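K.L.:
Structure provided below as structure tokens; questions to follow.
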Amino acid sequence: MKLIHFVETFQLVIGVTVTLLYLYQVAYLVVGLLRRRWQDHHQPSRLRRYAVLISARNEEGVISELIGSLKKQNYPAELLDIYVVADNCTDRTAEAAQAAGARVYRRFDHLEVGKGYALDYLWKKLREEGLEERYEGYFIFDADNIVDPNFVSEMNRTYDQGGFTAVTGYRNSKNFGQNWISAGYSIWFLREARFVNSARMALGLSCAVSGTGFLVSADFLREKGGWPYHLLTEDIQFSAECVSEGRRIGYCDKAVIYDEQPTSFRQSWDQRLRWSKGFYQVDGKYGLSLLKGTVRGGRKGMSCYDLLVTVTPGVLLTVLGAALQVVLLLVCLSAPSYVIRRVLLLSADFLSTGFLSFYRGMLLYGLVTILSEWKNIRATAIQKLGYLVTFPLFMLTYIPITVAALFQKVEWKPIAHRSVAQLDQAA
């Protein structure tokens, strides 16, 4: 009977712990549902000069689309310069970028591989040539993006409010309706924009950068001497350092970019495996700093806690619980048969309840996201609702990915992009 009591207590502790860790996100959900576009009322004091930094590796098929959309910005062309680093390319990315109107640098380094190294190289090239002194901020995009015509002007509006080290935009998708994988990514990023970053901004907390479509202060890069973020998730590393140092990242929901999502499970597995491994790296490097920041309390403390919980995979608690269930079953094999049956029933109930709770939770989150962002999603009604059903399954695949990332050596791998969607098709 003691064994049964221990199993019940353990399951209760796991459930309560996970609930308490993420309970604050209910407030984010409420704020996201009630949000107002308060950024509209701010009028920028002036138009700043910016540079666009793009790291591209074998992106010949899409790079000109991004540059073309940047050339169509409702912002003075003389205040926006576009730079591309063709990083270890074996195709005609450099030629395509140059023909589209960007200034191009070629980089060949097979030891220091990844976007973080390429961005650092590009910024330092600008510094060597005396160009970086021209700019007050840098936009960072992935080569597969398409940018809304008002992106730069809206980001300038938010950045002008002051107090931000960086500002991130609203990340939409070019290919939501392509299949259940691209839709899964799309729903997650839309949820991040509407119910995480928007809520953080409204509550005066720091947001987090998510890969692409953000603006970073030129003064910050000068202070750091470049872009010194080279972990597998350099965006989260940047966010963690900002938050742990008490800096604030803002969010602009009217600055929209369209991003191409992977469509094959193999590519999705590799990409999310890198993200999961990168989260572990960020935990190891910044976990203690974020924990110390959390203890200090206040808005900065809440920002630290928020990011700490974000980079600490909560799914591991569930995996740990399932693993211990197996151990307990092995331990109780010598116990009386009624004890074994009781433990088996408890374990089965724990696993099935956990699965159903996760599926229902993700289904509800996905439903609220799709309904809230319905008009912004470029897909048919059948695709929106159909892929809502598969969204929890997409998220469920994070469990084996998160576990594999604990033990597997992970290296940065490029994601192939082939979409040739124009902005009027994506918007």
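Labeling convention for the structure tokens: chains A, B, ... as they appear, residues from 1 per chain, ligands from 1 in order of appearance.
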Which parts of range 107-234 of chain A does DSSP call helix (DSSP H, G or I) when run on the backbone here, written out as a PyMOL selection string?
P.N.:
chain A and resi 115-128+132-134+151-159+176-178+180-202+218-224+234
K.L.:
Using only C-alpha atoms, which protein or nucleic acid residues come within 10 Å of Ser45 in chain A? Drop anything in the same chain fewer than 6 positions from it, and give the result as a PyMOL selection string.
P.N.:
chain A and resi 156-157+160-161
K.L.:
Go ahead and dump the residues you just picked, C-alpha atoms, as a tab-separated table (two decimals), in the first residue's frame.
P.N.:
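Okay, this is what ended up in out.tsv:
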```tsv
chain	number	residue	atom	x	y	z
A	156	ASN	CA	10.50	52.63	-36.49
A	157	ARG	CA	7.32	53.79	-34.75
A	160	ASP	CA	10.99	55.44	-31.30
A	161	GLN	CA	9.17	54.94	-28.00
```
K.L.:
Write out as a PyMOL selection string the residues lying within 12 Å of Asp148 in chain A, counting only C-alpha atoms and excluding same-chain residues fewer than 5 positions away.
P.N.:
chain A and resi 65-75+153-155+169-174+213+253-259+422-427
K.L.:
Please identify every residue of range 111-198 of chain A that has at least one atom no farther than 10 Å from an atom of range 19-30 of chain A, counting only C-alpha atoms, and for each give the shortest atom pair and the distance in Å to one decimal, arranged by chain then increasing number, as a Markdown table.
P.N.:
```
| residue | atom | partner | partner_atom | distance |
| --- | --- | --- | --- | --- |
| A:Arg191 | CA | A:Leu29 | CA | 9.4 |
| A:Arg194 | CA | A:Leu29 | CA | 8.5 |
| A:Phe195 | CA | A:Leu29 | CA | 5.3 |
| A:Val196 | CA | A:Tyr28 | CA | 6.1 |
| A:Asn197 | CA | A:Tyr28 | CA | 8.8 |
| A:Ser198 | CA | A:Tyr28 | CA | 8.4 |
```
K.L.:
In Å, rounded to a single decimal, give me how far CA of Val309 in chain A is from CA of Leu273 in chain A.
P.N.:
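Going from CA of Leu273 in chain A over to CA of Val309 in chain A covers 18.4 Å.
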